[in-house]
file final_10.cif (mmCIF, N, CA and C atoms)
data_data
loop_
_atom_site.group_PDB
_atom_site.id
_atom_site.type_symbol
_atom_site.label_atom_id
_atom_site.label_comp_id
_atom_site.auth_asym_id
_atom_site.auth_seq_id
_atom_site.Cartn_x
_atom_site.Cartn_y
_atom_site.Cartn_z
ATOM 1 N N MET A 134 -69.854 -38.921 -82.113
ATOM 2 C CA MET A 134 -70.517 -38.412 -80.931
ATOM 3 C C MET A 134 -71.990 -38.831 -80.920
ATOM 4 N N LEU A 135 -72.610 -38.777 -82.084
ATOM 5 C CA LEU A 135 -74.010 -39.169 -82.168
ATOM 6 C C LEU A 135 -74.171 -40.653 -81.825
ATOM 7 N N PHE A 136 -73.188 -41.461 -82.253
ATOM 8 C CA PHE A 136 -73.219 -42.889 -81.921
ATOM 9 C C PHE A 136 -73.158 -43.087 -80.408
ATOM 10 N N LEU A 137 -72.352 -42.293 -79.723
ATOM 11 C CA LEU A 137 -72.238 -42.410 -78.273
ATOM 12 C C LEU A 137 -73.553 -42.039 -77.592
ATOM 13 N N VAL A 138 -74.213 -41.013 -78.076
ATOM 14 C CA VAL A 138 -75.507 -40.619 -77.510
ATOM 15 C C VAL A 138 -76.529 -41.732 -77.711
ATOM 16 N N ALA A 139 -76.540 -42.310 -78.918
ATOM 17 C CA ALA A 139 -77.473 -43.409 -79.187
ATOM 18 C C ALA A 139 -77.160 -44.609 -78.302
ATOM 19 N N ALA A 140 -75.878 -44.893 -78.093
ATOM 20 C CA ALA A 140 -75.496 -46.012 -77.231
ATOM 21 C C ALA A 140 -75.939 -45.763 -75.797
ATOM 22 N N LEU A 141 -75.797 -44.550 -75.314
ATOM 23 C CA LEU A 141 -76.225 -44.238 -73.951
ATOM 24 C C LEU A 141 -77.748 -44.320 -73.813
ATOM 25 N N MET A 142 -78.469 -43.910 -74.848
ATOM 26 C CA MET A 142 -79.926 -44.044 -74.800
ATOM 27 C C MET A 142 -80.326 -45.516 -74.783
ATOM 28 N N LEU A 143 -79.665 -46.315 -75.601
ATOM 29 C CA LEU A 143 -79.936 -47.748 -75.610
ATOM 30 C C LEU A 143 -79.593 -48.364 -74.257
ATOM 31 N N LEU A 144 -78.500 -47.918 -73.668
ATOM 32 C CA LEU A 144 -78.120 -48.408 -72.346
ATOM 33 C C LEU A 144 -79.198 -48.072 -71.314
ATOM 34 N N GLY A 145 -79.778 -46.885 -71.423
ATOM 35 C CA GLY A 145 -80.861 -46.503 -70.514
ATOM 36 C C GLY A 145 -82.068 -47.407 -70.658
ATOM 37 N N VAL A 146 -82.400 -47.770 -71.895
ATOM 38 C CA VAL A 146 -83.522 -48.685 -72.126
ATOM 39 C C VAL A 146 -83.203 -50.053 -71.548
ATOM 40 N N VAL A 147 -81.974 -50.512 -71.781
ATOM 41 C CA VAL A 147 -81.570 -51.829 -71.263
ATOM 42 C C VAL A 147 -81.576 -51.832 -69.743
ATOM 43 N N MET A 148 -81.084 -50.763 -69.132
ATOM 44 C CA MET A 148 -81.057 -50.706 -67.674
ATOM 45 C C MET A 148 -82.472 -50.681 -67.101
ATOM 46 N N GLY A 149 -83.403 -50.115 -67.835
ATOM 47 C CA GLY A 149 -84.789 -50.119 -67.385
ATOM 48 C C GLY A 149 -85.399 -51.514 -67.416
ATOM 49 N N THR A 150 -84.918 -52.355 -68.337
ATOM 50 C CA THR A 150 -85.462 -53.708 -68.440
ATOM 51 C C THR A 150 -84.761 -54.690 -67.515
ATOM 52 N N VAL A 151 -83.675 -54.277 -66.890
ATOM 53 C CA VAL A 151 -82.938 -55.196 -66.009
ATOM 54 C C VAL A 151 -83.818 -55.708 -64.884
ATOM 55 N N ALA A 152 -84.726 -54.891 -64.425
ATOM 56 C CA ALA A 152 -85.603 -55.303 -63.336
ATOM 57 C C ALA A 152 -86.591 -56.389 -63.769
ATOM 58 N N HIS A 153 -86.759 -56.579 -65.077
ATOM 59 C CA HIS A 153 -87.768 -57.511 -65.562
ATOM 60 C C HIS A 153 -87.194 -58.770 -66.203
ATOM 61 N N VAL A 154 -85.883 -58.870 -66.294
ATOM 62 C CA VAL A 154 -85.264 -60.044 -66.924
ATOM 63 C C VAL A 154 -84.543 -60.868 -65.856
ATOM 64 N N PRO A 155 -84.304 -62.135 -66.132
ATOM 65 C CA PRO A 155 -83.591 -62.971 -65.164
ATOM 66 C C PRO A 155 -82.152 -62.478 -64.929
ATOM 67 N N LEU A 156 -81.602 -62.878 -63.808
ATOM 68 C CA LEU A 156 -80.255 -62.452 -63.428
ATOM 69 C C LEU A 156 -79.208 -62.916 -64.437
ATOM 70 N N ASP A 157 -79.375 -64.102 -65.013
ATOM 71 C CA ASP A 157 -78.410 -64.597 -65.998
ATOM 72 C C ASP A 157 -78.345 -63.680 -67.221
ATOM 73 N N VAL A 158 -79.493 -63.242 -67.690
ATOM 74 C CA VAL A 158 -79.538 -62.359 -68.853
ATOM 75 C C VAL A 158 -78.895 -61.018 -68.510
ATOM 76 N N SER A 159 -79.169 -60.507 -67.326
ATOM 77 C CA SER A 159 -78.570 -59.247 -66.894
ATOM 78 C C SER A 159 -77.048 -59.357 -66.819
ATOM 79 N N ALA A 160 -76.554 -60.483 -66.323
ATOM 80 C CA ALA A 160 -75.111 -60.678 -66.213
ATOM 81 C C ALA A 160 -74.463 -60.746 -67.594
ATOM 82 N N VAL A 161 -75.097 -61.442 -68.526
ATOM 83 C CA VAL A 161 -74.555 -61.523 -69.888
ATOM 84 C C VAL A 161 -74.535 -60.143 -70.536
ATOM 85 N N MET A 162 -75.607 -59.388 -70.371
ATOM 86 C CA MET A 162 -75.647 -58.036 -70.939
ATOM 87 C C MET A 162 -74.576 -57.146 -70.311
ATOM 88 N N ALA A 163 -74.352 -57.293 -69.015
ATOM 89 C CA ALA A 163 -73.324 -56.502 -68.346
ATOM 90 C C ALA A 163 -71.937 -56.836 -68.884
ATOM 91 N N VAL A 164 -71.677 -58.113 -69.130
ATOM 92 C CA VAL A 164 -70.383 -58.519 -69.683
ATOM 93 C C VAL A 164 -70.214 -57.969 -71.094
ATOM 94 N N VAL A 165 -71.260 -58.039 -71.904
ATOM 95 C CA VAL A 165 -71.182 -57.513 -73.272
ATOM 96 C C VAL A 165 -70.890 -56.019 -73.264
ATOM 97 N N ILE A 166 -71.557 -55.283 -72.407
ATOM 98 C CA ILE A 166 -71.329 -53.839 -72.314
ATOM 99 C C ILE A 166 -69.912 -53.552 -71.828
ATOM 100 N N ALA A 167 -69.432 -54.298 -70.841
ATOM 101 C CA ALA A 167 -68.085 -54.094 -70.330
ATOM 102 C C ALA A 167 -67.038 -54.375 -71.402
ATOM 103 N N VAL A 168 -67.234 -55.425 -72.176
ATOM 104 C CA VAL A 168 -66.286 -55.747 -73.255
ATOM 105 C C VAL A 168 -66.315 -54.641 -74.306
ATOM 106 N N TRP A 169 -67.507 -54.178 -74.661
ATOM 107 C CA TRP A 169 -67.618 -53.109 -75.655
ATOM 108 C C TRP A 169 -66.887 -51.846 -75.182
ATOM 109 N N LEU A 170 -67.076 -51.478 -73.923
ATOM 110 C CA LEU A 170 -66.395 -50.302 -73.386
ATOM 111 C C LEU A 170 -64.884 -50.513 -73.330
ATOM 112 N N GLY A 171 -64.445 -51.725 -73.007
ATOM 113 C CA GLY A 171 -63.014 -52.015 -72.987
ATOM 114 C C GLY A 171 -62.386 -51.911 -74.365
ATOM 115 N N VAL A 172 -63.072 -52.445 -75.366
ATOM 116 C CA VAL A 172 -62.569 -52.348 -76.747
ATOM 117 C C VAL A 172 -62.520 -50.883 -77.173
ATOM 118 N N PHE A 173 -63.538 -50.128 -76.836
ATOM 119 C CA PHE A 173 -63.564 -48.708 -77.173
ATOM 120 C C PHE A 173 -62.385 -47.979 -76.526
ATOM 121 N N ALA A 174 -62.129 -48.264 -75.266
ATOM 122 C CA ALA A 174 -61.022 -47.607 -74.566
ATOM 123 C C ALA A 174 -59.675 -47.976 -75.187
ATOM 124 N N LEU A 175 -59.500 -49.238 -75.534
ATOM 125 C CA LEU A 175 -58.243 -49.652 -76.162
ATOM 126 C C LEU A 175 -58.059 -49.000 -77.531
ATOM 127 N N ARG A 176 -59.120 -48.915 -78.311
ATOM 128 C CA ARG A 176 -59.025 -48.270 -79.620
ATOM 129 C C ARG A 176 -58.687 -46.794 -79.477
ATOM 130 N N GLU A 177 -59.288 -46.132 -78.501
ATOM 131 C CA GLU A 177 -58.993 -44.723 -78.274
ATOM 132 C C GLU A 177 -57.537 -44.531 -77.848
ATOM 133 N N ARG A 178 -57.075 -45.364 -76.943
ATOM 134 C CA ARG A 178 -55.697 -45.245 -76.467
ATOM 135 C C ARG A 178 -54.714 -45.520 -77.601
ATOM 136 N N HIS A 179 -54.987 -46.555 -78.379
ATOM 137 C CA HIS A 179 -54.105 -46.903 -79.484
ATOM 138 C C HIS A 179 -54.140 -45.819 -80.564
ATOM 139 N N GLY A 180 -55.278 -45.246 -80.823
ATOM 140 C CA GLY A 180 -55.410 -44.192 -81.820
ATOM 141 C C GLY A 180 -54.678 -42.932 -81.437
ATOM 142 N N ARG A 181 -54.650 -42.608 -80.166
ATOM 143 C CA ARG A 181 -53.948 -41.402 -79.713
ATOM 144 C C ARG A 181 -52.437 -41.576 -79.792
ATOM 145 N N ARG A 182 -51.949 -42.776 -79.632
ATOM 146 C CA ARG A 182 -50.509 -43.007 -79.722
ATOM 147 C C ARG A 182 -49.996 -42.867 -81.149
ATOM 148 N N ARG A 183 -50.809 -43.263 -82.118
ATOM 149 C CA ARG A 183 -50.367 -43.237 -83.512
ATOM 150 C C ARG A 183 -50.308 -41.847 -84.086
ATOM 151 N N ARG A 184 -51.073 -40.943 -83.608
ATOM 152 C CA ARG A 184 -51.111 -39.579 -84.160
ATOM 153 C C ARG A 184 -49.826 -38.837 -83.821
ATOM 154 N N THR A 185 -49.416 -38.009 -84.740
ATOM 155 C CA THR A 185 -48.238 -37.175 -84.476
ATOM 156 C C THR A 185 -48.691 -35.912 -83.768
ATOM 157 N N PRO A 186 -47.888 -35.412 -82.853
ATOM 158 C CA PRO A 186 -48.285 -34.206 -82.134
ATOM 159 C C PRO A 186 -48.315 -32.993 -83.069
ATOM 160 N N ALA A 187 -49.302 -32.155 -82.895
ATOM 161 C CA ALA A 187 -49.424 -30.942 -83.712
ATOM 162 C C ALA A 187 -48.475 -29.858 -83.189
ATOM 163 N N ASN A 188 -47.978 -29.059 -84.092
ATOM 164 C CA ASN A 188 -47.062 -27.988 -83.686
ATOM 165 C C ASN A 188 -47.822 -26.776 -83.247
#
call {"tool": "encode", "arguments": {"input": "final_10.cif", "output": "structure tokens"}}
result
Amino acid sequence: MLFLVAALMLLGVVMGTVAHVPLDVSAVMAVVIAVWLGVFALRERHGRRRRTPAN
């Protein structure tokens, strides 16, 4: 959870700098963030399937 908070704070800093960087850099950063979120979602989905249901 702490990692997620730190990631969101970093995202806020990055979003603040978007106005000052070229469009190409902003697009690359957006793709990197989207891939990271996609990997996170897949890991979460895969992790929930492997767990056995609690009684």
call {"tool": "select_by_dssp", "arguments": {"input": "final_10.cif", "residues": "chain A", "states": "alpha helix (DSSP H)", "output": "PyMOL selection string"}}
result
chain A and resi 135-150+156-183
call {"tool": "write_last_selection", "arguments": {"input": "final_10.cif", "atoms": "N, CA and C atoms", "output": "compact mmCIF listing (two decimals), in the frame of the given file"}}
result
# COMPACT_ATOMS: atom_id res chain seq x y z
N LEU A 135 -72.61 -38.78 -82.08
CA LEU A 135 -74.01 -39.17 -82.17
C LEU A 135 -74.17 -40.65 -81.82
N PHE A 136 -73.19 -41.46 -82.25
CA PHE A 136 -73.22 -42.89 -81.92
C PHE A 136 -73.16 -43.09 -80.41
N LEU A 137 -72.35 -42.29 -79.72
CA LEU A 137 -72.24 -42.41 -78.27
C LEU A 137 -73.55 -42.04 -77.59
N VAL A 138 -74.21 -41.01 -78.08
CA VAL A 138 -75.51 -40.62 -77.51
C VAL A 138 -76.53 -41.73 -77.71
N ALA A 139 -76.54 -42.31 -78.92
CA ALA A 139 -77.47 -43.41 -79.19
C ALA A 139 -77.16 -44.61 -78.30
N ALA A 140 -75.88 -44.89 -78.09
CA ALA A 140 -75.50 -46.01 -77.23
C ALA A 140 -75.94 -45.76 -75.80
N LEU A 141 -75.80 -44.55 -75.31
CA LEU A 141 -76.22 -44.24 -73.95
C LEU A 141 -77.75 -44.32 -73.81
N MET A 142 -78.47 -43.91 -74.85
CA MET A 142 -79.93 -44.04 -74.80
C MET A 142 -80.33 -45.52 -74.78
N LEU A 143 -79.67 -46.32 -75.60
CA LEU A 143 -79.94 -47.75 -75.61
C LEU A 143 -79.59 -48.36 -74.26
N LEU A 144 -78.50 -47.92 -73.67
CA LEU A 144 -78.12 -48.41 -72.35
C LEU A 144 -79.20 -48.07 -71.31
N GLY A 145 -79.78 -46.88 -71.42
CA GLY A 145 -80.86 -46.50 -70.51
C GLY A 145 -82.07 -47.41 -70.66
N VAL A 146 -82.40 -47.77 -71.90
CA VAL A 146 -83.52 -48.68 -72.13
C VAL A 146 -83.20 -50.05 -71.55
N VAL A 147 -81.97 -50.51 -71.78
CA VAL A 147 -81.57 -51.83 -71.26
C VAL A 147 -81.58 -51.83 -69.74
N MET A 148 -81.08 -50.76 -69.13
CA MET A 148 -81.06 -50.71 -67.67
C MET A 148 -82.47 -50.68 -67.10
N GLY A 149 -83.40 -50.12 -67.83
CA GLY A 149 -84.79 -50.12 -67.39
C GLY A 149 -85.40 -51.51 -67.42
N THR A 150 -84.92 -52.36 -68.34
CA THR A 150 -85.46 -53.71 -68.44
C THR A 150 -84.76 -54.69 -67.52
N LEU A 156 -81.60 -62.88 -63.81
CA LEU A 156 -80.26 -62.45 -63.43
C LEU A 156 -79.21 -62.92 -64.44
N ASP A 157 -79.38 -64.10 -65.01
CA ASP A 157 -78.41 -64.60 -66.00
C ASP A 157 -78.34 -63.68 -67.22
N VAL A 158 -79.49 -63.24 -67.69
CA VAL A 158 -79.54 -62.36 -68.85
C VAL A 158 -78.90 -61.02 -68.51
N SER A 159 -79.17 -60.51 -67.33
CA SER A 159 -78.57 -59.25 -66.89
C SER A 159 -77.05 -59.36 -66.82
N ALA A 160 -76.55 -60.48 -66.32
CA ALA A 160 -75.11 -60.68 -66.21
C ALA A 160 -74.46 -60.75 -67.59
N VAL A 161 -75.10 -61.44 -68.53
CA VAL A 161 -74.56 -61.52 -69.89
C VAL A 161 -74.54 -60.14 -70.54
N MET A 162 -75.61 -59.39 -70.37
CA MET A 162 -75.65 -58.04 -70.94
C MET A 162 -74.58 -57.15 -70.31
N ALA A 163 -74.35 -57.29 -69.02
CA ALA A 163 -73.32 -56.50 -68.35
C ALA A 163 -71.94 -56.84 -68.88
N VAL A 164 -71.68 -58.11 -69.13
CA VAL A 164 -70.38 -58.52 -69.68
C VAL A 164 -70.21 -57.97 -71.09
N VAL A 165 -71.26 -58.04 -71.90
CA VAL A 165 -71.18 -57.51 -73.27
C VAL A 165 -70.89 -56.02 -73.26
N ILE A 166 -71.56 -55.28 -72.41
CA ILE A 166 -71.33 -53.84 -72.31
C ILE A 166 -69.91 -53.55 -71.83
N ALA A 167 -69.43 -54.30 -70.84
CA ALA A 167 -68.08 -54.09 -70.33
C ALA A 167 -67.04 -54.38 -71.40
N VAL A 168 -67.23 -55.42 -72.18
CA VAL A 168 -66.29 -55.75 -73.26
C VAL A 168 -66.32 -54.64 -74.31
N TRP A 169 -67.51 -54.18 -74.66
CA TRP A 169 -67.62 -53.11 -75.66
C TRP A 169 -66.89 -51.85 -75.18
N LEU A 170 -67.08 -51.48 -73.92
CA LEU A 170 -66.40 -50.30 -73.39
C LEU A 170 -64.88 -50.51 -73.33
N GLY A 171 -64.44 -51.72 -73.01
CA GLY A 171 -63.01 -52.02 -72.99
C GLY A 171 -62.39 -51.91 -74.36
N VAL A 172 -63.07 -52.44 -75.37
CA VAL A 172 -62.57 -52.35 -76.75
C VAL A 172 -62.52 -50.88 -77.17
N PHE A 173 -63.54 -50.13 -76.84
CA PHE A 173 -63.56 -48.71 -77.17
C PHE A 173 -62.38 -47.98 -76.53
N ALA A 174 -62.13 -48.26 -75.27
CA ALA A 174 -61.02 -47.61 -74.57
C ALA A 174 -59.68 -47.98 -75.19
N LEU A 175 -59.50 -49.24 -75.53
CA LEU A 175 -58.24 -49.65 -76.16
C LEU A 175 -58.06 -49.00 -77.53
N ARG A 176 -59.12 -48.92 -78.31
CA ARG A 176 -59.02 -48.27 -79.62
C ARG A 176 -58.69 -46.79 -79.48
N GLU A 177 -59.29 -46.13 -78.50
CA GLU A 177 -58.99 -44.72 -78.27
C GLU A 177 -57.54 -44.53 -77.85
N ARG A 178 -57.08 -45.36 -76.94
CA ARG A 178 -55.70 -45.24 -76.47
C ARG A 178 -54.71 -45.52 -77.60
N HIS A 179 -54.99 -46.56 -78.38
CA HIS A 179 -54.10 -46.90 -79.48
C HIS A 179 -54.14 -45.82 -80.56
N GLY A 180 -55.28 -45.25 -80.82
CA GLY A 180 -55.41 -44.19 -81.82
C GLY A 180 -54.68 -42.93 -81.44
N ARG A 181 -54.65 -42.61 -80.17
CA ARG A 181 -53.95 -41.40 -79.71
C ARG A 181 -52.44 -41.58 -79.79
N ARG A 182 -51.95 -42.78 -79.63
CA ARG A 182 -50.51 -43.01 -79.72
C ARG A 182 -50.00 -42.87 -81.15
N ARG A 183 -50.81 -43.26 -82.12
CA ARG A 183 -50.37 -43.24 -83.51
C ARG A 183 -50.31 -41.85 -84.09
call {"tool": "atom_distance", "arguments": {"input": "final_10.cif", "atom1": "atom N of Val158 (chain A)", "atom2": "atom C of Leu170 (chain A)"}}
result
20.2 Å
call {"tool": "residues_around", "arguments": {"input": "final_10.cif", "residues": "Met148 (chain A)", "least_positions_apart": "6", "cutoff": "10 Å", "atoms": "only C-alpha atoms", "output": "PyMOL selection string"}}
result
chain A and resi 142+159+162-163
call {"tool": "atom_distance", "arguments": {"input": "final_10.cif", "atom1": "CA of Glu177 (chain A)", "atom2": "CA of Gly145 (chain A)"}}
result
23.3 Å
call {"tool": "atom_distance", "arguments": {"input": "final_10.cif", "atom1": "atom N of Leu144 (chain A)", "atom2": "CA of Ile166 (chain A)"}}
result
9.4 Å
call {"tool": "build_atoms", "arguments": {"input": "final_10.cif", "residues": "region 146-159 of chain A", "atoms": "N, CA, C and O atoms", "output": "PDB file, in the coordinates of the input"}}
result
ATOM      1  N   VAL A 146     -82.400 -47.770 -71.895  1.00  0.00           N
ATOM      2  CA  VAL A 146     -83.522 -48.685 -72.126  1.00  0.00           C
ATOM      3  C   VAL A 146     -83.203 -50.053 -71.548  1.00  0.00           C
ATOM      4  O   VAL A 146     -84.037 -50.687 -70.891  1.00  0.00           O
ATOM      5  N   VAL A 147     -81.974 -50.512 -71.781  1.00  0.00           N
ATOM      6  CA  VAL A 147     -81.570 -51.829 -71.263  1.00  0.00           C
ATOM      7  C   VAL A 147     -81.576 -51.832 -69.743  1.00  0.00           C
ATOM      8  O   VAL A 147     -82.041 -52.782 -69.116  1.00  0.00           O
ATOM      9  N   MET A 148     -81.084 -50.763 -69.132  1.00  0.00           N
ATOM     10  CA  MET A 148     -81.057 -50.706 -67.674  1.00  0.00           C
ATOM     11  C   MET A 148     -82.472 -50.681 -67.101  1.00  0.00           C
ATOM     12  O   MET A 148     -82.706 -51.185 -66.014  1.00  0.00           O
ATOM     13  N   GLY A 149     -83.403 -50.115 -67.835  1.00  0.00           N
ATOM     14  CA  GLY A 149     -84.789 -50.119 -67.385  1.00  0.00           C
ATOM     15  C   GLY A 149     -85.399 -51.514 -67.416  1.00  0.00           C
ATOM     16  O   GLY A 149     -86.286 -51.838 -66.632  1.00  0.00           O
ATOM     17  N   THR A 150     -84.918 -52.355 -68.337  1.00  0.00           N
ATOM     18  CA  THR A 150     -85.462 -53.708 -68.440  1.00  0.00           C
ATOM     19  C   THR A 150     -84.761 -54.690 -67.515  1.00  0.00           C
ATOM     20  O   THR A 150     -85.224 -55.827 -67.368  1.00  0.00           O
ATOM     21  N   VAL A 151     -83.675 -54.277 -66.890  1.00  0.00           N
ATOM     22  CA  VAL A 151     -82.938 -55.196 -66.009  1.00  0.00           C
ATOM     23  C   VAL A 151     -83.818 -55.708 -64.884  1.00  0.00           C
ATOM     24  O   VAL A 151     -83.702 -56.854 -64.460  1.00  0.00           O
ATOM     25  N   ALA A 152     -84.726 -54.891 -64.425  1.00  0.00           N
ATOM     26  CA  ALA A 152     -85.603 -55.303 -63.336  1.00  0.00           C
ATOM     27  C   ALA A 152     -86.591 -56.389 -63.769  1.00  0.00           C
ATOM     28  O   ALA A 152     -87.151 -57.072 -62.919  1.00  0.00           O
ATOM     29  N   HIS A 153     -86.759 -56.579 -65.077  1.00  0.00           N
ATOM     30  CA  HIS A 153     -87.768 -57.511 -65.562  1.00  0.00           C
ATOM     31  C   HIS A 153     -87.194 -58.770 -66.203  1.00  0.00           C
ATOM     32  O   HIS A 153     -87.957 -59.620 -66.638  1.00  0.00           O
ATOM     33  N   VAL A 154     -85.883 -58.870 -66.294  1.00  0.00           N
ATOM     34  CA  VAL A 154     -85.264 -60.044 -66.924  1.00  0.00           C
ATOM     35  C   VAL A 154     -84.543 -60.868 -65.856  1.00  0.00           C
ATOM     36  O   VAL A 154     -84.177 -60.353 -64.803  1.00  0.00           O
ATOM     37  N   PRO A 155     -84.304 -62.135 -66.132  1.00  0.00           N
ATOM     38  CA  PRO A 155     -83.591 -62.971 -65.164  1.00  0.00           C
ATOM     39  C   PRO A 155     -82.152 -62.478 -64.929  1.00  0.00           C
ATOM     40  O   PRO A 155     -81.565 -61.788 -65.759  1.00  0.00           O
ATOM     41  N   LEU A 156     -81.602 -62.878 -63.808  1.00  0.00           N
ATOM     42  CA  LEU A 156     -80.255 -62.452 -63.428  1.00  0.00           C
ATOM     43  C   LEU A 156     -79.208 -62.916 -64.437  1.00  0.00           C
ATOM     44  O   LEU A 156     -78.260 -62.183 -64.726  1.00  0.00           O
ATOM     45  N   ASP A 157     -79.375 -64.102 -65.013  1.00  0.00           N
ATOM     46  CA  ASP A 157     -78.410 -64.597 -65.998  1.00  0.00           C
ATOM     47  C   ASP A 157     -78.345 -63.680 -67.221  1.00  0.00           C
ATOM     48  O   ASP A 157     -77.264 -63.364 -67.715  1.00  0.00           O
ATOM     49  N   VAL A 158     -79.493 -63.242 -67.690  1.00  0.00           N
ATOM     50  CA  VAL A 158     -79.538 -62.359 -68.853  1.00  0.00           C
ATOM     51  C   VAL A 158     -78.895 -61.018 -68.510  1.00  0.00           C
ATOM     52  O   VAL A 158     -78.144 -60.450 -69.308  1.00  0.00           O
ATOM     53  N   SER A 159     -79.169 -60.507 -67.326  1.00  0.00           N
ATOM     54  CA  SER A 159     -78.570 -59.247 -66.894  1.00  0.00           C
ATOM     55  C   SER A 159     -77.048 -59.357 -66.819  1.00  0.00           C
ATOM     56  O   SER A 159     -76.334 -58.437 -67.226  1.00  0.00           O
TER      57      SER A 159
END
